[in-house]
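A.B. asks: One file: data26.pdb (PDB, C-alpha atoms).
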```pdb
MODEL        1
ATOM      1  CA  MET A   1      -3.741   3.541 -30.040
ATOM      2  CA  THR A   2      -2.519   0.432 -28.229
ATOM      3  CA  ARG A   3      -4.704  -1.717 -25.978
ATOM      4  CA  THR A   4      -2.898  -0.416 -22.882
ATOM      5  CA  GLN A   5      -3.495   3.194 -23.907
ATOM      6  CA  LEU A   6      -7.168   2.435 -24.610
ATOM      7  CA  ILE A   7      -7.640   0.877 -21.155
ATOM      8  CA  GLY A   8      -5.742   3.818 -19.622
ATOM      9  CA  LEU A   9      -8.034   6.294 -21.366
ATOM     10  CA  LEU A  10     -11.137   4.333 -20.348
ATOM     11  CA  SER A  11     -10.032   4.179 -16.729
ATOM     12  CA  THR A  12      -9.393   7.949 -16.722
ATOM     13  CA  ILE A  13     -12.844   8.623 -18.169
ATOM     14  CA  PHE A  14     -14.488   6.325 -15.640
ATOM     15  CA  LEU A  15     -12.561   7.974 -12.794
ATOM     16  CA  PHE A  16     -13.980  11.347 -13.855
ATOM     17  CA  VAL A  17     -17.463   9.848 -14.144
ATOM     18  CA  ALA A  18     -17.052   8.259 -10.704
ATOM     19  CA  ILE A  19     -16.049  11.595  -9.180
ATOM     20  CA  TYR A  20     -19.098  13.201 -10.782
ATOM     21  CA  PHE A  21     -21.428  10.503  -9.427
ATOM     22  CA  ILE A  22     -19.868  10.579  -5.953
ATOM     23  CA  PHE A  23     -20.138  14.323  -5.493
ATOM     24  CA  SER A  24     -23.188  15.256  -7.537
ATOM     25  CA  PHE A  25     -25.408  12.200  -7.776
ATOM     26  CA  ALA A  26     -25.007  10.142  -4.592
ATOM     27  CA  GLU A  27     -27.024  11.406  -1.669
ATOM     28  CA  ILE A  28     -25.327  12.560   1.490
ATOM     29  CA  GLU A  29     -25.248  10.036   4.288
ATOM     30  CA  MET A  30     -26.759  11.577   7.424
ATOM     31  CA  THR A  31     -24.353  10.271  10.075
ATOM     32  CA  MET A  32     -20.965  10.893   8.504
ATOM     33  CA  LEU A  33     -22.183  13.612   6.099
ATOM     34  CA  GLU A  34     -19.512  14.582   3.502
ATOM     35  CA  VAL A  35     -16.832  12.353   5.024
ATOM     36  CA  GLN A  36     -18.825   9.280   3.969
ATOM     37  CA  LYS A  37     -17.743  10.033   0.371
ATOM     38  CA  ILE A  38     -14.345   8.526   1.196
ATOM     39  CA  PHE A  39     -16.162   5.184   1.303
ATOM     40  CA  TYR A  40     -16.576   4.919  -2.498
ATOM     41  CA  PHE A  41     -12.870   4.713  -3.279
ATOM     42  CA  HIS A  42     -11.863   3.089   0.004
ATOM     43  CA  ILE A  43     -14.114   0.046  -0.478
ATOM     44  CA  SER A  44     -13.466  -0.139  -4.229
ATOM     45  CA  ALA A  45      -9.695  -0.091  -3.630
ATOM     46  CA  ALA A  46     -10.073  -2.831  -1.012
ATOM     47  CA  ILE A  47     -11.996  -5.035  -3.461
ATOM     48  CA  THR A  48      -9.376  -4.335  -6.140
ATOM     49  CA  VAL A  49      -6.728  -5.530  -3.667
ATOM     50  CA  PHE A  50      -8.636  -8.820  -3.407
ATOM     51  CA  LEU A  51      -8.816  -8.969  -7.207
ATOM     52  CA  ALA A  52      -5.085  -8.308  -7.568
ATOM     53  CA  PHE A  53      -4.113 -10.952  -5.029
ATOM     54  CA  GLY A  54      -6.634 -13.329  -6.635
ATOM     55  CA  VAL A  55      -4.838 -12.870  -9.973
ATOM     56  CA  THR A  56      -1.527 -13.472  -8.177
ATOM     57  CA  CYS A  57      -2.922 -16.704  -6.709
ATOM     58  CA  ILE A  58      -4.268 -17.996 -10.039
ATOM     59  CA  PHE A  59      -1.086 -17.196 -11.963
ATOM     60  CA  SER A  60       1.051 -18.662  -9.177
ATOM     61  CA  ILE A  61      -0.898 -21.924  -9.482
ATOM     62  CA  LEU A  62      -0.448 -21.814 -13.268
ATOM     63  CA  TYR A  63       3.266 -21.187 -12.823
ATOM     64  CA  LEU A  64       3.645 -24.187 -10.511
ATOM     65  CA  ILE A  65       1.790 -26.395 -13.012
ATOM     66  CA  LYS A  66       3.227 -25.152 -16.324
ATOM     67  CA  ARG A  67       6.409 -23.303 -15.258
ATOM     68  CA  GLY A  68       5.885 -20.522 -17.810
ATOM     69  CA  ASP A  69       7.778 -17.278 -17.142
ATOM     70  CA  THR A  70       4.764 -15.215 -18.208
ATOM     71  CA  TYR A  71       2.637 -16.634 -15.383
ATOM     72  CA  ASP A  72       5.316 -15.742 -12.843
ATOM     73  CA  THR A  73       5.669 -12.232 -14.249
ATOM     74  CA  ILE A  74       1.913 -11.579 -14.153
ATOM     75  CA  ALA A  75       1.762 -12.861 -10.551
ATOM     76  CA  LEU A  76       4.614 -10.520  -9.589
ATOM     77  CA  VAL A  77       3.131  -7.507 -11.360
ATOM     78  CA  SER A  78      -0.328  -8.111  -9.894
ATOM     79  CA  THR A  79       1.143  -8.385  -6.394
ATOM     80  CA  GLU A  80       2.943  -5.072  -6.779
ATOM     81  CA  ILE A  81      -0.226  -3.323  -7.966
ATOM     82  CA  GLY A  82      -2.258  -4.985  -5.205
ATOM     83  CA  ILE A  83       0.171  -3.504  -2.695
ATOM     84  CA  VAL A  84      -0.238  -0.039  -4.237
ATOM     85  CA  PHE A  85      -4.033  -0.333  -3.947
ATOM     86  CA  GLY A  86      -3.427  -1.567  -0.392
ATOM     87  CA  VAL A  87      -1.580   1.676   0.352
ATOM     88  CA  VAL A  88      -4.689   3.569  -0.797
ATOM     89  CA  VAL A  89      -6.861   1.429   1.498
ATOM     90  CA  PHE A  90      -4.529   1.869   4.476
ATOM     91  CA  THR A  91      -4.293   5.631   4.089
ATOM     92  CA  THR A  92      -7.938   6.452   3.391
ATOM     93  CA  GLY A  93      -9.075   3.999   6.094
ATOM     94  CA  PRO A  94      -7.390   5.811   9.005
ATOM     95  CA  ILE A  95      -8.685   9.188   7.729
ATOM     96  CA  TRP A  96     -12.189   7.757   7.859
ATOM     97  CA  ALA A  97     -11.476   6.095  11.211
ATOM     98  CA  ARG A  98     -10.200   9.316  12.773
ATOM     99  CA  PHE A  99     -13.481  11.010  11.958
ATOM    100  CA  ALA A 100     -15.864   8.120  12.633
ATOM    101  CA  TRP A 101     -14.196   6.338  15.572
ATOM    102  CA  ASN A 102     -11.936   9.125  16.827
ATOM    103  CA  THR A 103      -8.850   6.983  16.340
ATOM    104  CA  TRP A 104      -6.416   6.469  13.448
ATOM    105  CA  TRP A 105      -6.150   2.718  13.998
ATOM    106  CA  ASN A 106      -7.929  -0.010  15.910
ATOM    107  CA  TRP A 107      -6.857  -3.640  16.234
ATOM    108  CA  GLU A 108     -10.292  -4.903  15.287
ATOM    109  CA  PRO A 109     -10.760  -8.082  13.149
ATOM    110  CA  ARG A 110     -11.168  -6.487   9.697
ATOM    111  CA  LEU A 111      -8.242  -4.083  10.036
ATOM    112  CA  THR A 112      -5.909  -6.622  11.620
ATOM    113  CA  SER A 113      -6.632  -9.389   9.095
ATOM    114  CA  ALA A 114      -6.312  -6.904   6.187
ATOM    115  CA  LEU A 115      -2.973  -5.711   7.516
ATOM    116  CA  ILE A 116      -1.754  -9.326   7.755
ATOM    117  CA  LEU A 117      -2.855  -9.888   4.142
ATOM    118  CA  TRP A 118      -1.010  -6.789   2.958
ATOM    119  CA  LEU A 119       2.143  -7.673   4.897
ATOM    120  CA  THR A 120       2.054 -11.220   3.468
ATOM    121  CA  TYR A 121       2.336  -9.822  -0.027
ATOM    122  CA  ILE A 122       5.031  -7.342   1.014
ATOM    123  CA  GLY A 123       6.800 -10.507   2.207
ATOM    124  CA  TYR A 124       6.220 -11.958  -1.285
ATOM    125  CA  LEU A 125       8.246  -9.099  -2.822
ATOM    126  CA  ILE A 126      10.965  -9.330  -0.142
ATOM    127  CA  LEU A 127      11.216 -13.075  -0.729
ATOM    128  CA  ARG A 128      11.704 -12.519  -4.455
ATOM    129  CA  SER A 129      14.502 -10.046  -3.911
ATOM    130  CA  ALA A 130      16.261 -12.340  -1.451
ATOM    131  CA  LEU A 131      16.374 -15.649  -3.363
ATOM    132  CA  ALA A 132      18.098 -16.982  -6.478
ATOM    133  CA  GLU A 133      16.250 -16.944  -9.835
ATOM    134  CA  GLU A 134      14.496 -20.359  -9.962
ATOM    135  CA  LYS A 135      13.974 -20.672  -6.212
ATOM    136  CA  LYS A 136      12.380 -17.269  -5.914
ATOM    137  CA  ARG A 137       9.793 -18.092  -8.534
ATOM    138  CA  ILE A 138       8.743 -21.339  -6.886
ATOM    139  CA  TYR A 139       8.749 -20.055  -3.297
ATOM    140  CA  SER A 140       6.990 -16.815  -4.136
ATOM    141  CA  ALA A 141       4.363 -18.748  -6.128
ATOM    142  CA  VAL A 142       3.694 -20.872  -3.035
ATOM    143  CA  LEU A 143       3.455 -17.728  -0.886
ATOM    144  CA  GLY A 144       1.196 -16.114  -3.479
ATOM    145  CA  ILE A 145      -1.233 -19.030  -3.130
ATOM    146  CA  ILE A 146      -1.047 -19.309   0.681
ATOM    147  CA  GLY A 147      -1.438 -15.544   1.093
ATOM    148  CA  PHE A 148      -4.711 -15.597  -0.831
ATOM    149  CA  LEU A 149      -6.236 -17.954   1.767
ATOM    150  CA  ASN A 150      -6.429 -14.867   3.996
ATOM    151  CA  VAL A 151      -8.751 -13.022   1.574
ATOM    152  CA  PRO A 152     -11.992 -14.815   2.635
ATOM    153  CA  ILE A 153     -10.908 -14.383   6.264
ATOM    154  CA  VAL A 154     -10.569 -10.619   5.732
ATOM    155  CA  TYR A 155     -13.891 -10.442   3.904
ATOM    156  CA  PHE A 156     -15.871 -12.415   6.491
ATOM    157  CA  SER A 157     -13.884 -11.221   9.529
ATOM    158  CA  VAL A 158     -16.773  -9.017  10.689
ATOM    159  CA  GLU A 159     -19.091 -12.046  10.784
ATOM    160  CA  LEU A 160     -16.423 -14.449  12.116
ATOM    161  CA  TRP A 161     -15.398 -12.275  15.065
ATOM    162  CA  GLN A 162     -18.086 -10.164  16.677
ATOM    163  CA  GLY A 163     -17.357  -6.777  18.172
ATOM    164  CA  GLY A 164     -15.543  -5.221  15.216
ATOM    165  CA  LEU A 165     -16.055  -1.625  14.131
ATOM    166  CA  HIS A 166     -16.611  -2.319  10.428
ATOM    167  CA  PRO A 167     -20.160  -2.955   9.194
ATOM    168  CA  GLY A 168     -21.141  -6.443   7.962
ATOM    169  CA  THR A 169     -20.724  -7.665   4.392
ATOM    170  CA  ALA A 170     -24.442  -7.152   3.614
ATOM    171  CA  THR A 171     -24.263  -3.379   4.278
ATOM    172  CA  LYS A 172     -23.129  -2.570   0.742
ATOM    173  CA  MET A 173     -26.288  -4.165  -0.655
ATOM    174  CA  ASN A 174     -28.539  -2.123   1.635
ATOM    175  CA  LEU A 175     -27.248   1.226   0.378
ATOM    176  CA  PRO A 176     -29.669   3.704  -1.243
ATOM    177  CA  ALA A 177     -29.756   3.379  -5.047
ATOM    178  CA  THR A 178     -27.803   6.599  -5.696
ATOM    179  CA  MET A 179     -24.973   5.555  -3.371
ATOM    180  CA  GLN A 180     -24.912   2.057  -4.823
ATOM    181  CA  THR A 181     -24.630   3.439  -8.377
ATOM    182  CA  ALA A 182     -21.779   5.776  -7.394
ATOM    183  CA  TRP A 183     -19.997   2.933  -5.612
ATOM    184  CA  LEU A 184     -20.378   0.523  -8.572
ATOM    185  CA  ILE A 185     -18.975   3.144 -10.981
ATOM    186  CA  SER A 186     -16.021   3.787  -8.640
ATOM    187  CA  TRP A 187     -15.424   0.061  -8.431
ATOM    188  CA  LEU A 188     -15.486  -0.257 -12.221
ATOM    189  CA  ALA A 189     -13.115   2.737 -12.564
ATOM    190  CA  LEU A 190     -10.584   1.240 -10.143
ATOM    191  CA  THR A 191     -10.856  -2.190 -11.788
ATOM    192  CA  LEU A 192     -10.044  -0.568 -15.142
ATOM    193  CA  LEU A 193      -7.176   1.324 -13.505
ATOM    194  CA  TYR A 194      -5.876  -1.964 -12.104
ATOM    195  CA  LEU A 195      -6.058  -3.526 -15.559
ATOM    196  CA  PHE A 196      -4.227  -0.574 -17.093
ATOM    197  CA  LEU A 197      -1.487  -0.653 -14.447
ATOM    198  CA  LEU A 198      -1.171  -4.420 -14.877
ATOM    199  CA  MET A 199      -0.591  -4.078 -18.626
ATOM    200  CA  PHE A 200       1.677  -1.053 -18.220
ATOM    201  CA  ARG A 201       3.806  -2.728 -15.554
ATOM    202  CA  TYR A 202       3.890  -6.017 -17.481
ATOM    203  CA  ARG A 203       5.310  -4.147 -20.478
ATOM    204  CA  ALA A 204       8.153  -2.891 -18.266
ATOM    205  CA  GLU A 205       8.930  -6.482 -17.217
ATOM    206  CA  GLN A 206       8.970  -7.522 -20.875
ATOM    207  CA  MET A 207      11.404  -4.698 -21.602
ATOM    208  CA  LYS A 208      13.639  -5.863 -18.740
ATOM    209  CA  LEU A 209      13.630  -9.333 -20.280
ATOM    210  CA  GLU A 210      14.498  -7.892 -23.700
ATOM    211  CA  LEU A 211      17.288  -5.863 -22.128
ATOM    212  CA  GLY A 212      18.662  -8.999 -20.446
ATOM    213  CA  THR A 213      18.650 -10.860 -23.801
ATOM    214  CA  ILE A 214      20.498  -8.050 -25.594
ATOM    215  CA  GLN A 215      23.065  -7.790 -22.788
ATOM    216  CA  TYR A 216      23.578 -11.570 -22.968
ATOM    217  CA  ARG A 217      24.075 -11.357 -26.746
ATOM    218  CA  GLN A 218      26.518  -8.501 -26.306
ATOM    219  CA  MET A 219      28.509 -10.433 -23.690
ATOM    220  CA  ASN A 220      28.721 -13.493 -25.951
ATOM    221  CA  GLU A 221      29.890 -11.424 -28.905
ATOM    222  CA  SER A 222      32.578  -9.640 -26.915
TER     223      SER A 222
ATOM    224  CA  MET B 223       5.014   9.938 -24.213
ATOM    225  CA  TYR B 224       3.188   8.250 -21.330
ATOM    226  CA  LYS B 225       4.829  10.623 -18.896
ATOM    227  CA  GLY B 226       3.633  13.693 -20.726
ATOM    228  CA  LEU B 227       0.172  12.220 -21.168
ATOM    229  CA  TRP B 228      -0.191  11.389 -17.515
ATOM    230  CA  ILE B 229       1.205  14.641 -16.232
ATOM    231  CA  THR B 230      -1.306  16.452 -18.447
ATOM    232  CA  VAL B 231      -4.150  14.225 -17.274
ATOM    233  CA  LEU B 232      -3.153  14.678 -13.617
ATOM    234  CA  ILE B 233      -2.838  18.458 -13.943
ATOM    235  CA  ILE B 234      -6.191  18.756 -15.717
ATOM    236  CA  PHE B 235      -7.740  16.461 -13.161
ATOM    237  CA  GLY B 236      -6.176  18.432 -10.291
ATOM    238  CA  ILE B 237      -7.551  21.718 -11.641
ATOM    239  CA  PHE B 238     -11.048  20.341 -12.206
ATOM    240  CA  PHE B 239     -11.092  18.486  -8.925
ATOM    241  CA  GLY B 240      -9.848  21.549  -7.046
ATOM    242  CA  LEU B 241     -12.498  23.778  -8.635
ATOM    243  CA  PHE B 242     -15.096  21.138  -7.994
ATOM    244  CA  MET B 243     -14.165  20.777  -4.345
ATOM    245  CA  LEU B 244     -14.140  24.531  -3.837
ATOM    246  CA  SER B 245     -17.484  25.198  -5.464
ATOM    247  CA  GLN B 246     -19.662  22.123  -5.530
ATOM    248  CA  ILE B 247     -19.517  20.415  -2.133
ATOM    249  CA  PRO B 248     -23.105  20.624  -0.935
ATOM    250  CA  VAL B 249     -23.648  21.984   2.550
ATOM    251  CA  ALA B 250     -25.425  19.281   4.454
ATOM    252  CA  ILE B 251     -27.021  20.607   7.601
ATOM    253  CA  THR B 252     -29.580  18.472   9.404
ATOM    254  CA  GLN B 253     -32.250  19.714  11.803
ATOM    255  CA  ASP B 254     -30.553  17.789  14.624
ATOM    256  CA  GLU B 255     -27.272  19.460  13.843
ATOM    257  CA  VAL B 256     -28.879  22.926  13.926
ATOM    258  CA  SER B 257     -30.582  22.177  17.280
ATOM    259  CA  THR B 258     -27.332  20.869  18.775
ATOM    260  CA  ALA B 259     -25.405  23.858  17.470
ATOM    261  CA  VAL B 260     -28.028  26.288  18.845
ATOM    262  CA  SER B 261     -27.997  24.679  22.289
ATOM    263  CA  ASP B 262     -24.174  24.638  22.242
ATOM    264  CA  ALA B 263     -24.205  28.317  21.317
ATOM    265  CA  ILE B 264     -26.740  29.149  24.068
ATOM    266  CA  ALA B 265     -24.540  27.373  26.584
ATOM    267  CA  GLU B 266     -21.539  29.397  25.466
ATOM    268  CA  THR B 267     -23.148  32.854  25.402
ATOM    269  CA  ASP B 268     -23.677  35.282  28.325
ATOM    270  CA  ALA B 269     -26.385  37.500  26.821
ATOM    271  CA  GLN B 270     -29.625  37.279  28.822
ATOM    272  CA  VAL B 271     -31.566  40.545  28.607
ATOM    273  CA  ASP B 272     -32.485  41.483  25.049
ATOM    274  CA  GLU B 273     -34.148  38.523  23.350
ATOM    275  CA  THR B 274     -33.483  39.816  19.833
ATOM    276  CA  ALA B 275     -29.836  40.368  20.689
ATOM    277  CA  VAL B 276     -29.701  36.905  22.223
ATOM    278  CA  GLU B 277     -31.196  35.398  19.088
ATOM    279  CA  GLN B 278     -28.720  37.240  16.890
ATOM    280  CA  ILE B 279     -25.757  36.186  18.992
ATOM    281  CA  VAL B 280     -27.018  32.624  19.193
ATOM    282  CA  THR B 281     -27.615  32.436  15.450
ATOM    283  CA  GLN B 282     -24.176  33.878  14.763
ATOM    284  CA  LYS B 283     -22.569  31.412  17.160
ATOM    285  CA  ALA B 284     -24.568  28.510  15.707
ATOM    286  CA  LEU B 285     -23.401  29.379  12.227
ATOM    287  CA  GLU B 286     -19.798  29.546  13.384
ATOM    288  CA  ILE B 287     -20.117  26.114  14.983
ATOM    289  CA  LEU B 288     -21.693  24.655  11.841
ATOM    290  CA  GLU B 289     -19.018  26.168   9.625
ATOM    291  CA  ALA B 290     -16.261  24.840  11.859
ATOM    292  CA  ARG B 291     -17.783  21.354  11.786
ATOM    293  CA  GLN B 292     -18.174  21.418   8.037
ATOM    294  CA  LYS B 293     -14.607  22.663   7.580
ATOM    295  CA  ARG B 294     -13.401  19.743   9.668
ATOM    296  CA  ARG B 295     -15.407  17.259   7.575
ATOM    297  CA  LEU B 296     -14.128  18.752   4.322
ATOM    298  CA  LYS B 297     -10.563  18.594   5.631
ATOM    299  CA  PHE B 298     -10.926  14.827   6.059
ATOM    300  CA  LEU B 299     -12.603  14.399   2.683
ATOM    301  CA  VAL B 300     -10.091  16.478   0.726
ATOM    302  CA  SER B 301      -7.121  14.808   2.483
ATOM    303  CA  ALA B 302      -8.411  11.351   1.561
ATOM    304  CA  TYR B 303      -8.994  12.213  -2.095
ATOM    305  CA  PHE B 304      -5.710  14.064  -2.348
ATOM    306  CA  ILE B 305      -3.846  11.029  -1.021
ATOM    307  CA  ILE B 306      -5.663   8.646  -3.393
ATOM    308  CA  TRP B 307      -4.650  10.659  -6.474
ATOM    309  CA  LEU B 308      -1.175  11.260  -5.153
ATOM    310  CA  ILE B 309      -0.534   7.528  -4.690
ATOM    311  CA  PHE B 310      -1.873   6.549  -8.118
ATOM    312  CA  GLY B 311      -0.200   9.525  -9.801
ATOM    313  CA  LEU B 312       3.193   8.802  -8.295
ATOM    314  CA  TYR B 313       2.953   5.114  -9.156
ATOM    315  CA  VAL B 314       2.023   5.822 -12.792
ATOM    316  CA  LEU B 315       4.876   8.326 -13.077
ATOM    317  CA  HIS B 316       7.260   5.792 -11.536
ATOM    318  CA  LEU B 317       6.186   3.199 -14.118
ATOM    319  CA  ALA B 318       6.466   5.687 -16.976
ATOM    320  CA  LYS B 319       9.946   6.686 -15.872
ATOM    321  CA  MET B 320      10.980   3.044 -15.537
ATOM    322  CA  GLN B 321       9.741   2.280 -19.063
ATOM    323  CA  GLU B 322      11.454   5.338 -20.484
ATOM    324  CA  GLN B 323      14.805   4.370 -18.938
ATOM    325  CA  LEU B 324      14.473   0.762 -20.122
ATOM    326  CA  HIS B 325      13.554   1.941 -23.603
ATOM    327  CA  LYS B 326      16.615   4.232 -23.739
ATOM    328  CA  ARG B 327      18.916   1.458 -22.521
ATOM    329  CA  ILE B 328      17.537  -1.002 -25.095
ATOM    330  CA  GLU B 329      17.998   1.560 -27.871
ATOM    331  CA  GLN B 330      21.589   2.205 -26.762
ATOM    332  CA  LEU B 331      22.435  -1.500 -26.697
ATOM    333  CA  HIS B 332      20.761  -2.086 -30.070
ATOM    334  CA  SER B 333      22.743   0.702 -31.707
ATOM    335  CA  SER B 334      26.028  -0.470 -30.157
ATOM    336  CA  LEU B 335      25.325  -4.010 -31.386
ATOM    337  CA  GLN B 336      24.561  -2.729 -34.886
ATOM    338  CA  ARG B 337      27.795  -0.747 -34.925
ATOM    339  CA  LYS B 338      29.759  -3.880 -34.011
ATOM    340  CA  GLU B 339      28.067  -5.907 -36.745
TER     341      GLU B 339
ENDMDL
END
```
Just give me the structure as structure tokens.

C.D. replies:
Amino acid sequence: MTRTQLIGLLSTIFLFVAIYFIFSFAEIEMTMLEVQKIFYFHISAAITVFLAFGVTCIFSILYLIKRGDTYDTIALVSTEIGIVFGVVVFTTGPIWARFAWNTWWNWEPRLTSALILWLTYIGYLILRSALAEEKKRIYSAVLGIIGFLNVPIVYFSVELWQGGLHPGTATKMNLPATMQTAWLISWLALTLLYLFLLMFRYRAEQMKLELGTIQYRQMNES
Amino acid sequence: MYKGLWITVLIIFGIFFGLFMLSQIPVAITQDEVSTAVSDAIAETDAQVDETAVEQIVTQKALEILEARQKRRLKFLVSAYFIIWLIFGLYVLHLAKMQEQLHKRIEQLHSSLQRKE
């Protein structure tokens, strides 16, 4: 079994465990009742988005310093996965919002800043597809670093701008023990899933590189 | 291989999750919710004479209201979880398909290169 397969298996197991803890172990919140159970994966996916864009930022910095292709590839792959986790956040969020706030969307600080963050990294992918090889790596690396500056703004947006609908950053720590355990397991499961997807997607990029080399060899020989 | 593995995992997960959702979601009814539902039901009913009949009608109505509310909550919950697994499932399948195609293409090119040599 390869490392990727092992991480994939682990993430699957932890996802099952997380589901078990969410539905059988964590107590039911008395305001939102069953709907509150969306929270466990919604918040965990949001934190994984921060993690993914953090990895993009670090590997973009490394690329600008060392100019290694691997750093650029990891930054690209992590961005793509961060966007996928972002899709999860932006679809489960409105479902929650419709029930809790009676609206699918609200231009409140947390939602607006998170949307800007997500769109920045969509821009990262668009930029890469629009520029020539060397330029795209440098410019997207710069965007990958600048985009990450928005992460603390998103995280502290509730405290920075009053009047938002989201609860403050300390709320997670004040959860009952059963809810906190279920949330931590969900977070771990999604982090493992992120890691698995990162390795799986990185392998595809390596294969593309290999394909390019073979095609180049073939062209030279013919 | 990945594709088959993941389809199997997703199907098994879907079956278990479906069974789980159908059978295990605990019914959470608070005292406040019962009181609200009873007063809502009283407001909606016309029966005034027979107290036992009133109580029966009110209880029936209250239960209907509670069931409707719980159905609505479960609809939100199931939609959210369905979407989560759909997004991850589709992305994993997309990656598996991409790898499979790349692998095939590499194999083809390798064999054509070997034939030339």

A.B. asks: Tell me, in Å to one decimal, how far CA of Arg294 in chain B is from CA of Ala275 in chain B.

C.D. replies: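 According to the coordinates, CA of Arg294 in chain B and CA of Ala275 in chain B are separated by 28.6 Å.
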
A.B. asks: Given the choices B:Leu288, B:Val260, B:Val300, B:Leu317, which gets closest to Val77 in chain A if the distance is worked out from only C-alpha atoms?

C.D. replies: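 When distances to Val77 in chain A are compared using only C-alpha atoms, the smallest one comes from B:Leu317.
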
A.B. asks: What residues in chain A have any atom no more than 8 Å from chain B when counting all atoms listed in the file, and can you write them as a PyMOL selection string?

C.D. replies: chain A and resi 23-24+28+30+33-35+37-38+84+87-88+91-92+95-96+99+197+200-201+203-204+207-208+210-211+214-215+218

A.B. asks: Quick one: pull the distance between CA of Val142 in chain A and CA of Ile83 in chain A, Å, one decimal.

C.D. replies: 17.7 Å

A.B. asks: Which distance in Å separates CA of Gln36 in chain A and CA of Glu255 in chain B, to one decimal?

C.D. replies: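 Between CA of Gln36 in chain A and CA of Glu255 in chain B the gap is 16.5 Å.
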
A.B. asks: Here's the selection I'm unsure about, the PyMOL selection byres ((chain A and resi 2-7) around 8); applied to the file above, which residues does it give, as number ranges by chain?

C.D. replies: A: 1, 8-11, 192-193, 195-196, 199-200

A.B. asks: Restrict the selected residues to C-alpha atoms and save them as an mmCIF file, keeping the file's coordinate frame.

C.D. replies:
```
data_model
loop_
_atom_site.group_PDB
_atom_site.id
_atom_site.type_symbol
_atom_site.label_atom_id
_atom_site.label_comp_id
_atom_site.auth_asym_id
_atom_site.auth_seq_id
_atom_site.Cartn_x
_atom_site.Cartn_y
_atom_site.Cartn_z
ATOM 1 C CA MET A 1 -3.741 3.541 -30.040
ATOM 2 C CA GLY A 8 -5.742 3.818 -19.622
ATOM 3 C CA LEU A 9 -8.034 6.294 -21.366
ATOM 4 C CA LEU A 10 -11.137 4.333 -20.348
ATOM 5 C CA SER A 11 -10.032 4.179 -16.729
ATOM 6 C CA LEU A 192 -10.044 -0.568 -15.142
ATOM 7 C CA LEU A 193 -7.176 1.324 -13.505
ATOM 8 C CA LEU A 195 -6.058 -3.526 -15.559
ATOM 9 C CA PHE A 196 -4.227 -0.574 -17.093
ATOM 10 C CA MET A 199 -0.591 -4.078 -18.626
ATOM 11 C CA PHE A 200 1.677 -1.053 -18.220
#
```

A.B. asks: So that I can see what lies close to range 261-267 of chain B, please list as a list in words the residues with an atom at most 9 Å from it, counting all atoms listed in the file and leaving out residues fewer than 4 positions away in the same chain.

C.D. replies: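 My list of contacting residues is Val256, Ser257, Val276, Ile279, Val280, Thr281, Gln282, Lys283, Ala284 and Ile287 of chain B.
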
A.B. asks: Evaluating the PyMOL selection byres ((chain A and resi 187) around 12) on the displayed file yields which residues, as an MDAnalysis selection string?

C.D. replies: chainID A and resid 11 14:15 17:19 22 39:49 51 180:186 188:194

A.B. asks: Measuring atom to atom with all atoms listed in the file, identify which of A:Gly123, A:Ile146, A:Ala97, A:Glu108 is nearest to Gln162 in chain A.

C.D. replies: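 Ranking A:Gly123, A:Ile146, A:Ala97, A:Glu108 by distance to Gln162 in chain A, first place goes to A:Glu108.
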
A.B. asks: With the PyMOL selection byres ((chain A and resi 27) around 7) as the selection, what would be picked from this file? Answer as a VMD selection string, please.

C.D. replies: chain A and resid 25 to 26 28 to 29 178 to 179
